[in-house]
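Asks: So that you have it, the file is entry-v3.cif, and it contains mmCIF, C-alpha atoms, pLDDT in the B column; chains and numbers go by the auth columns:
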data_upload
loop_
_atom_site.group_PDB
_atom_site.id
_atom_site.type_symbol
_atom_site.label_atom_id
_atom_site.label_comp_id
_atom_site.label_asym_id
_atom_site.label_seq_id
_atom_site.Cartn_x
_atom_site.Cartn_y
_atom_site.Cartn_z
_atom_site.B_iso_or_equiv
_atom_site.auth_seq_id
_atom_site.auth_asym_id
ATOM 1 C CA MET A 1 -132.991 -37.439 120.624 47.00 1 E
ATOM 2 C CA ASP A 2 -132.060 -34.190 119.008 56.00 2 E
ATOM 3 C CA GLY A 3 -131.984 -32.186 122.209 57.00 3 E
ATOM 4 C CA GLU A 4 -129.679 -29.233 122.057 79.00 4 E
ATOM 5 C CA THR A 5 -129.440 -28.865 125.801 85.00 5 E
ATOM 6 C CA SER A 6 -128.914 -31.262 128.610 88.00 6 E
ATOM 7 C CA LYS A 7 -132.368 -30.446 129.961 88.00 7 E
ATOM 8 C CA SER A 8 -134.120 -31.294 126.681 88.00 8 E
ATOM 9 C CA ARG A 9 -132.127 -34.532 126.314 88.00 9 E
ATOM 10 C CA ASN A 10 -133.118 -35.536 129.852 91.00 10 E
ATOM 11 C CA GLN A 11 -136.760 -34.780 129.043 91.00 11 E
ATOM 12 C CA ASP A 12 -136.563 -36.880 125.854 90.00 12 E
ATOM 13 C CA THR A 13 -135.027 -39.750 127.823 92.00 13 E
ATOM 14 C CA ALA A 14 -137.734 -39.554 130.500 92.00 14 E
ATOM 15 C CA THR A 15 -140.451 -39.523 127.823 92.00 15 E
ATOM 16 C CA LEU A 16 -138.965 -42.582 126.120 93.00 16 E
ATOM 17 C CA LEU A 17 -138.679 -44.482 129.411 92.00 17 E
ATOM 18 C CA ASP A 18 -142.257 -43.572 130.359 90.00 18 E
ATOM 19 C CA TYR A 19 -143.461 -44.881 127.018 91.00 19 E
ATOM 20 C CA GLY A 20 -141.600 -48.169 127.486 89.00 20 E
ATOM 21 C CA PHE A 21 -142.829 -48.782 131.027 90.00 21 E
ATOM 22 C CA ASN A 22 -146.410 -47.789 130.137 92.00 22 E
ATOM 23 C CA THR A 23 -146.556 -49.958 126.992 93.00 23 E
ATOM 24 C CA TYR A 24 -144.589 -53.108 127.875 93.00 24 E
ATOM 25 C CA LYS A 25 -144.406 -55.615 130.715 93.00 25 E
ATOM 26 C CA SER A 26 -142.033 -58.385 131.724 92.00 26 E
ATOM 27 C CA ILE A 27 -143.440 -61.884 132.217 91.00 27 E
ATOM 28 C CA THR A 28 -141.654 -64.746 133.952 93.00 28 E
ATOM 29 C CA LEU A 29 -142.831 -67.957 132.293 94.00 29 E
ATOM 30 C CA TYR A 30 -140.611 -70.372 134.240 96.00 30 E
ATOM 31 C CA LYS A 31 -138.331 -69.941 137.227 96.00 31 E
ATOM 32 C CA LYS A 32 -134.765 -71.254 137.270 96.00 32 E
ATOM 33 C CA GLY A 33 -134.839 -75.006 137.967 95.00 33 E
ATOM 34 C CA GLU A 34 -138.619 -75.329 137.512 96.00 34 E
ATOM 35 C CA GLU A 35 -139.813 -78.361 135.548 95.00 35 E
ATOM 36 C CA ILE A 36 -140.832 -77.332 132.049 95.00 36 E
ATOM 37 C CA SER A 37 -141.646 -80.753 130.648 94.00 37 E
ATOM 38 C CA LYS A 38 -140.639 -84.413 130.839 94.00 38 E
ATOM 39 C CA ILE A 39 -138.646 -86.232 128.176 92.00 39 E
ATOM 40 C CA ASP A 40 -138.153 -89.946 127.539 91.00 40 E
ATOM 41 C CA PHE A 41 -134.495 -90.851 127.063 90.00 41 E
ATOM 42 C CA ASN A 42 -133.138 -93.661 124.865 87.00 42 E
ATOM 43 C CA ASN A 43 -131.061 -96.431 126.474 85.00 43 E
ATOM 44 C CA SER A 44 -131.081 -94.860 129.924 86.00 44 E
ATOM 45 C CA LYS A 45 -131.506 -96.289 133.403 84.00 45 E
ATOM 46 C CA THR A 46 -134.078 -93.579 134.049 84.00 46 E
ATOM 47 C CA LYS A 47 -136.506 -93.726 131.154 84.00 47 E
ATOM 48 C CA GLN A 48 -137.973 -90.271 131.806 89.00 48 E
ATOM 49 C CA ASP A 49 -136.677 -87.113 133.437 92.00 49 E
ATOM 50 C CA SER A 50 -137.683 -83.490 133.798 93.00 50 E
ATOM 51 C CA ILE A 51 -136.150 -80.784 131.669 95.00 51 E
ATOM 52 C CA ILE A 52 -135.357 -77.430 133.236 96.00 52 E
ATOM 53 C CA ALA A 53 -133.801 -74.069 132.444 96.00 53 E
ATOM 54 C CA LYS A 54 -130.664 -72.906 134.228 96.00 54 E
ATOM 55 C CA GLU A 55 -132.074 -69.355 134.370 96.00 55 E
ATOM 56 C CA ASP A 56 -135.453 -67.668 134.675 96.00 56 E
ATOM 57 C CA ILE A 57 -137.345 -67.628 131.394 96.00 57 E
ATOM 58 C CA ASN A 58 -138.553 -64.055 130.961 94.00 58 E
ATOM 59 C CA ILE A 59 -140.022 -62.180 128.024 93.00 59 E
ATOM 60 C CA ILE A 60 -141.066 -58.593 127.423 91.00 60 E
ATOM 61 C CA VAL A 61 -144.424 -58.119 125.703 90.00 61 E
ATOM 62 C CA LYS A 62 -146.988 -55.394 125.203 89.00 62 E
ATOM 63 C CA LYS A 63 -149.267 -54.985 128.198 90.00 63 E
ATOM 64 C CA ASN A 64 -152.347 -56.088 126.248 88.00 64 E
ATOM 65 C CA ILE A 65 -150.845 -59.542 125.516 85.00 65 E
ATOM 66 C CA ASN A 66 -152.064 -62.425 127.680 86.00 66 E
ATOM 67 C CA VAL A 67 -149.652 -65.227 128.613 86.00 67 E
ATOM 68 C CA ASN A 68 -152.105 -67.797 127.220 89.00 68 E
ATOM 69 C CA GLU A 69 -151.812 -66.182 123.778 89.00 69 E
ATOM 70 C CA LEU A 70 -148.101 -67.010 123.538 92.00 70 E
ATOM 71 C CA LYS A 71 -146.990 -70.106 121.662 94.00 71 E
ATOM 72 C CA ILE A 72 -144.391 -72.195 123.481 94.00 72 E
ATOM 73 C CA GLU A 73 -142.607 -74.951 121.586 95.00 73 E
ATOM 74 C CA ILE A 74 -139.941 -77.304 122.849 95.00 74 E
ATOM 75 C CA LEU A 75 -137.420 -78.561 120.307 95.00 75 E
ATOM 76 C CA VAL A 76 -135.640 -81.702 121.469 94.00 76 E
ATOM 77 C CA ILE A 77 -132.011 -81.865 120.338 93.00 77 E
ATOM 78 C CA ASP A 78 -130.653 -85.095 121.793 88.00 78 E
ATOM 79 C CA ILE A 79 -132.296 -87.775 123.945 88.00 79 E
ATOM 80 C CA ASP A 80 -129.652 -90.502 123.830 88.00 80 E
ATOM 81 C CA ALA A 81 -128.079 -91.440 127.170 86.00 81 E
ATOM 82 C CA PRO A 82 -125.727 -90.653 128.819 89.00 82 E
ATOM 83 C CA LYS A 83 -126.420 -87.010 129.593 88.00 83 E
ATOM 84 C CA ASP A 84 -124.931 -84.680 132.150 88.00 84 E
ATOM 85 C CA GLN A 85 -126.996 -82.019 133.925 92.00 85 E
ATOM 86 C CA ASN A 86 -124.983 -79.366 132.082 93.00 86 E
ATOM 87 C CA GLN A 87 -125.608 -80.700 128.570 94.00 87 E
ATOM 88 C CA ILE A 88 -128.173 -78.922 126.420 95.00 88 E
ATOM 89 C CA ILE A 89 -130.843 -81.427 125.381 94.00 89 E
ATOM 90 C CA ALA A 90 -133.586 -79.111 124.118 95.00 90 E
ATOM 91 C CA LYS A 91 -134.511 -75.519 123.361 97.00 91 E
ATOM 92 C CA ILE A 92 -137.671 -73.642 124.214 97.00 92 E
ATOM 93 C CA ASN A 93 -138.972 -71.103 121.704 97.00 93 E
ATOM 94 C CA ILE A 94 -141.526 -68.511 122.745 95.00 94 E
ATOM 95 C CA LYS A 95 -143.545 -66.911 119.941 94.00 95 E
ATOM 96 C CA ASP A 96 -146.191 -64.200 119.896 88.00 96 E
ATOM 97 C CA THR A 97 -149.670 -64.458 118.387 85.00 97 E
ATOM 98 C CA LYS A 98 -148.291 -63.702 114.896 88.00 98 E
ATOM 99 C CA GLY A 99 -145.631 -66.421 115.157 90.00 99 E
ATOM 100 C CA SER A 100 -142.715 -64.031 115.627 91.00 100 E
ATOM 101 C CA LEU A 101 -139.953 -65.439 117.813 94.00 101 E
ATOM 102 C CA LEU A 102 -139.696 -63.519 121.100 92.00 102 E
ATOM 103 C CA ALA A 103 -137.069 -65.594 122.915 94.00 103 E
ATOM 104 C CA THR A 104 -135.128 -68.861 122.855 96.00 104 E
ATOM 105 C CA TYR A 105 -133.644 -70.575 125.908 97.00 105 E
ATOM 106 C CA ASN A 106 -131.567 -73.741 126.368 97.00 106 E
ATOM 107 C CA LEU A 107 -133.013 -76.633 128.397 96.00 107 E
ATOM 108 C CA TYR A 108 -131.153 -79.237 130.441 96.00 108 E
ATOM 109 C CA PRO A 109 -131.961 -82.525 132.190 95.00 109 E
ATOM 110 C CA LYS A 110 -132.798 -82.082 135.858 94.00 110 E
ATOM 111 C CA ASN A 111 -130.636 -85.090 136.792 93.00 111 E
ATOM 112 C CA ASN A 112 -127.690 -86.914 135.268 91.00 112 E
ATOM 113 C CA ILE A 113 -128.939 -89.545 132.830 89.00 113 E
ATOM 114 C CA GLU A 114 -126.972 -92.790 133.003 88.00 114 E
ATOM 115 C CA LYS A 115 -126.690 -95.129 130.050 87.00 115 E
ATOM 116 C CA LEU A 116 -127.892 -98.700 130.388 83.00 116 E
ATOM 117 C CA THR A 117 -125.067 -101.214 130.701 86.00 117 E
ATOM 118 C CA PHE A 118 -125.078 -104.554 128.919 84.00 118 E
ATOM 119 C CA LEU A 119 -126.172 -106.257 132.162 84.00 119 E
ATOM 120 C CA ASP A 120 -129.030 -103.772 132.549 80.00 120 E
ATOM 121 C CA LEU A 121 -130.180 -104.542 129.010 78.00 121 E
ATOM 122 C CA LEU A 122 -129.952 -108.284 129.624 82.00 122 E
ATOM 123 C CA PHE A 123 -131.888 -108.003 132.878 83.00 123 E
ATOM 124 C CA THR A 124 -134.593 -105.914 131.188 77.00 124 E
ATOM 125 C CA TYR A 125 -134.874 -108.424 128.368 79.00 125 E
ATOM 126 C CA PHE A 126 -135.289 -111.384 130.737 80.00 126 E
ATOM 127 C CA LYS A 127 -137.744 -109.423 132.842 81.00 127 E
ATOM 128 C CA GLN A 128 -139.928 -108.932 129.754 83.00 128 E
ATOM 129 C CA LEU A 129 -139.869 -112.659 129.030 82.00 129 E
ATOM 130 C CA ILE A 130 -141.288 -113.487 132.452 75.00 130 E
#
Would you mind writing the file out in structure tokens?
Replies:
Amino acid sequence: MDGETSKSRNQDTATLLDYGFNTYKSITLYKKGEEISKIDFNNSKTKQDSIIAKEDINIIVKKNINVNELKIEILVIDIDAPKDQNQIIAKINIKDTKGSLLATYNLYPKNNIEKLTFLDLLFTYFKQLI
């Protein structure tokens, strides 16, 4: 933006904004609190729980990109109980068709994950014997 006058700088800014809005779009892949996947937890009273994001998962892509062309991978960090709803247990990576990373978001358990007590383990063991 080499505009010498305020008017030319404003015109350059408007041109740049027009280009951005005409070339790119914002896509919401998941809403805040929406289930993204389910994960099995080790040594927990609840064997499986949903994982969610604490914020909307949005990306900005070129308008000619289809959502189905994006590669979404979930990287599990820690599945050992106990877990609090505010503990990060996984990350979601969103990549374009060329494999370039577009965004990364933290994922959390939907509910608190309680660890099995000794009595719970004993009860489960005897239940399997029957």
Asks: Mind dumping a table of every range 62-93 of chain E residue within 12 Å of range 12-22 of chain E, with the nearest atom pair and its distance in Å to one decimal, using only C-alpha atoms, sorted by chain and rising number, as a tab-separated table?
Replies:
residue	atom	partner	partner_atom	distance
E:Lys62	CA	E:Asn22	CA	9.1
E:Lys63	CA	E:Asn22	CA	8.0
E:Asn64	CA	E:Asn22	CA	10.9
Asks: What lies within 6 Å of range 75-86 of chain E using all atoms listed in the file, ignoring chain neighbours under 5 positions off, as an MDAnalysis selection string?
Replies: chainID E and resid 41:44 91 109 111:115
Asks: Could you tell me how far CA of Ile36 in chain E lies from CA of Ile89 in chain E, in Å and to one decimal?
Replies: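 CA of Ile89 in chain E lies 12.7 Å from CA of Ile36 in chain E.
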Asks: Using all atoms listed in the file for the distances, tell me which of E:Ala103, E:Ala90, E:Ile59, E:Ile52 is nearest to Glu35 in chain E.
Replies: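 With all atoms listed in the file as the atom set, the closest residue is E:Ile52.
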Asks: Kindly indicate which residue among E:Lys71, E:Ile65, E:Lys47, E:Phe123 lies nearest to Thr23 in chain E, using only C-alpha atoms for the distances.
Replies: E:Ile65
Asks: For each of E:Lys110, E:Tyr24, E:Ser6, E:Lys98, take the minimum atom-to-atom distance to Lys54 in chain E, counting all atoms listed in the file, then give the residue where this is smallest.
Replies: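 Once distances to Lys54 in chain E are computed over all atoms listed in the file, the minimum belongs to E:Lys110.
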Asks: The PyMOL selection byres ((chain E and resi 102) around 10) on the file shown: which residues, as a PyMOL selection string?
Replies: chain E and resi 58-61+70-71+93-96+99-101+103-104
Asks: Suppose you want the space between CA of Thr28 in chain E and CA of Ile92 in chain E; what is it in Å?
Replies: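 It comes out at 13.8 Å.
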Asks: For Asn106 in chain E, which of E:Leu122, E:Ile74, E:Leu129, E:Val67 is the closest residue, counting all atoms listed in the file?
Replies: E:Ile74
Asks: Taking the file as shown, what set of residues would the PyMOL selection byres ((chain E and resi 49) around 6) give back, as a PyMOL selection string?
Replies: chain E and resi 38-39+48+50
Asks: Hey, can I get the axis-aligned box for range 12-18 of chain E? All listed atoms, 4 Å padding on each side, centre and edge lengths in Å to one decimal, as lines of an AutoDock Vina configuration file.
Replies:
center_x = -138.6
center_y = -40.7
center_z = 128.2
size_x = 15.2
size_y = 15.6
size_z = 12.6
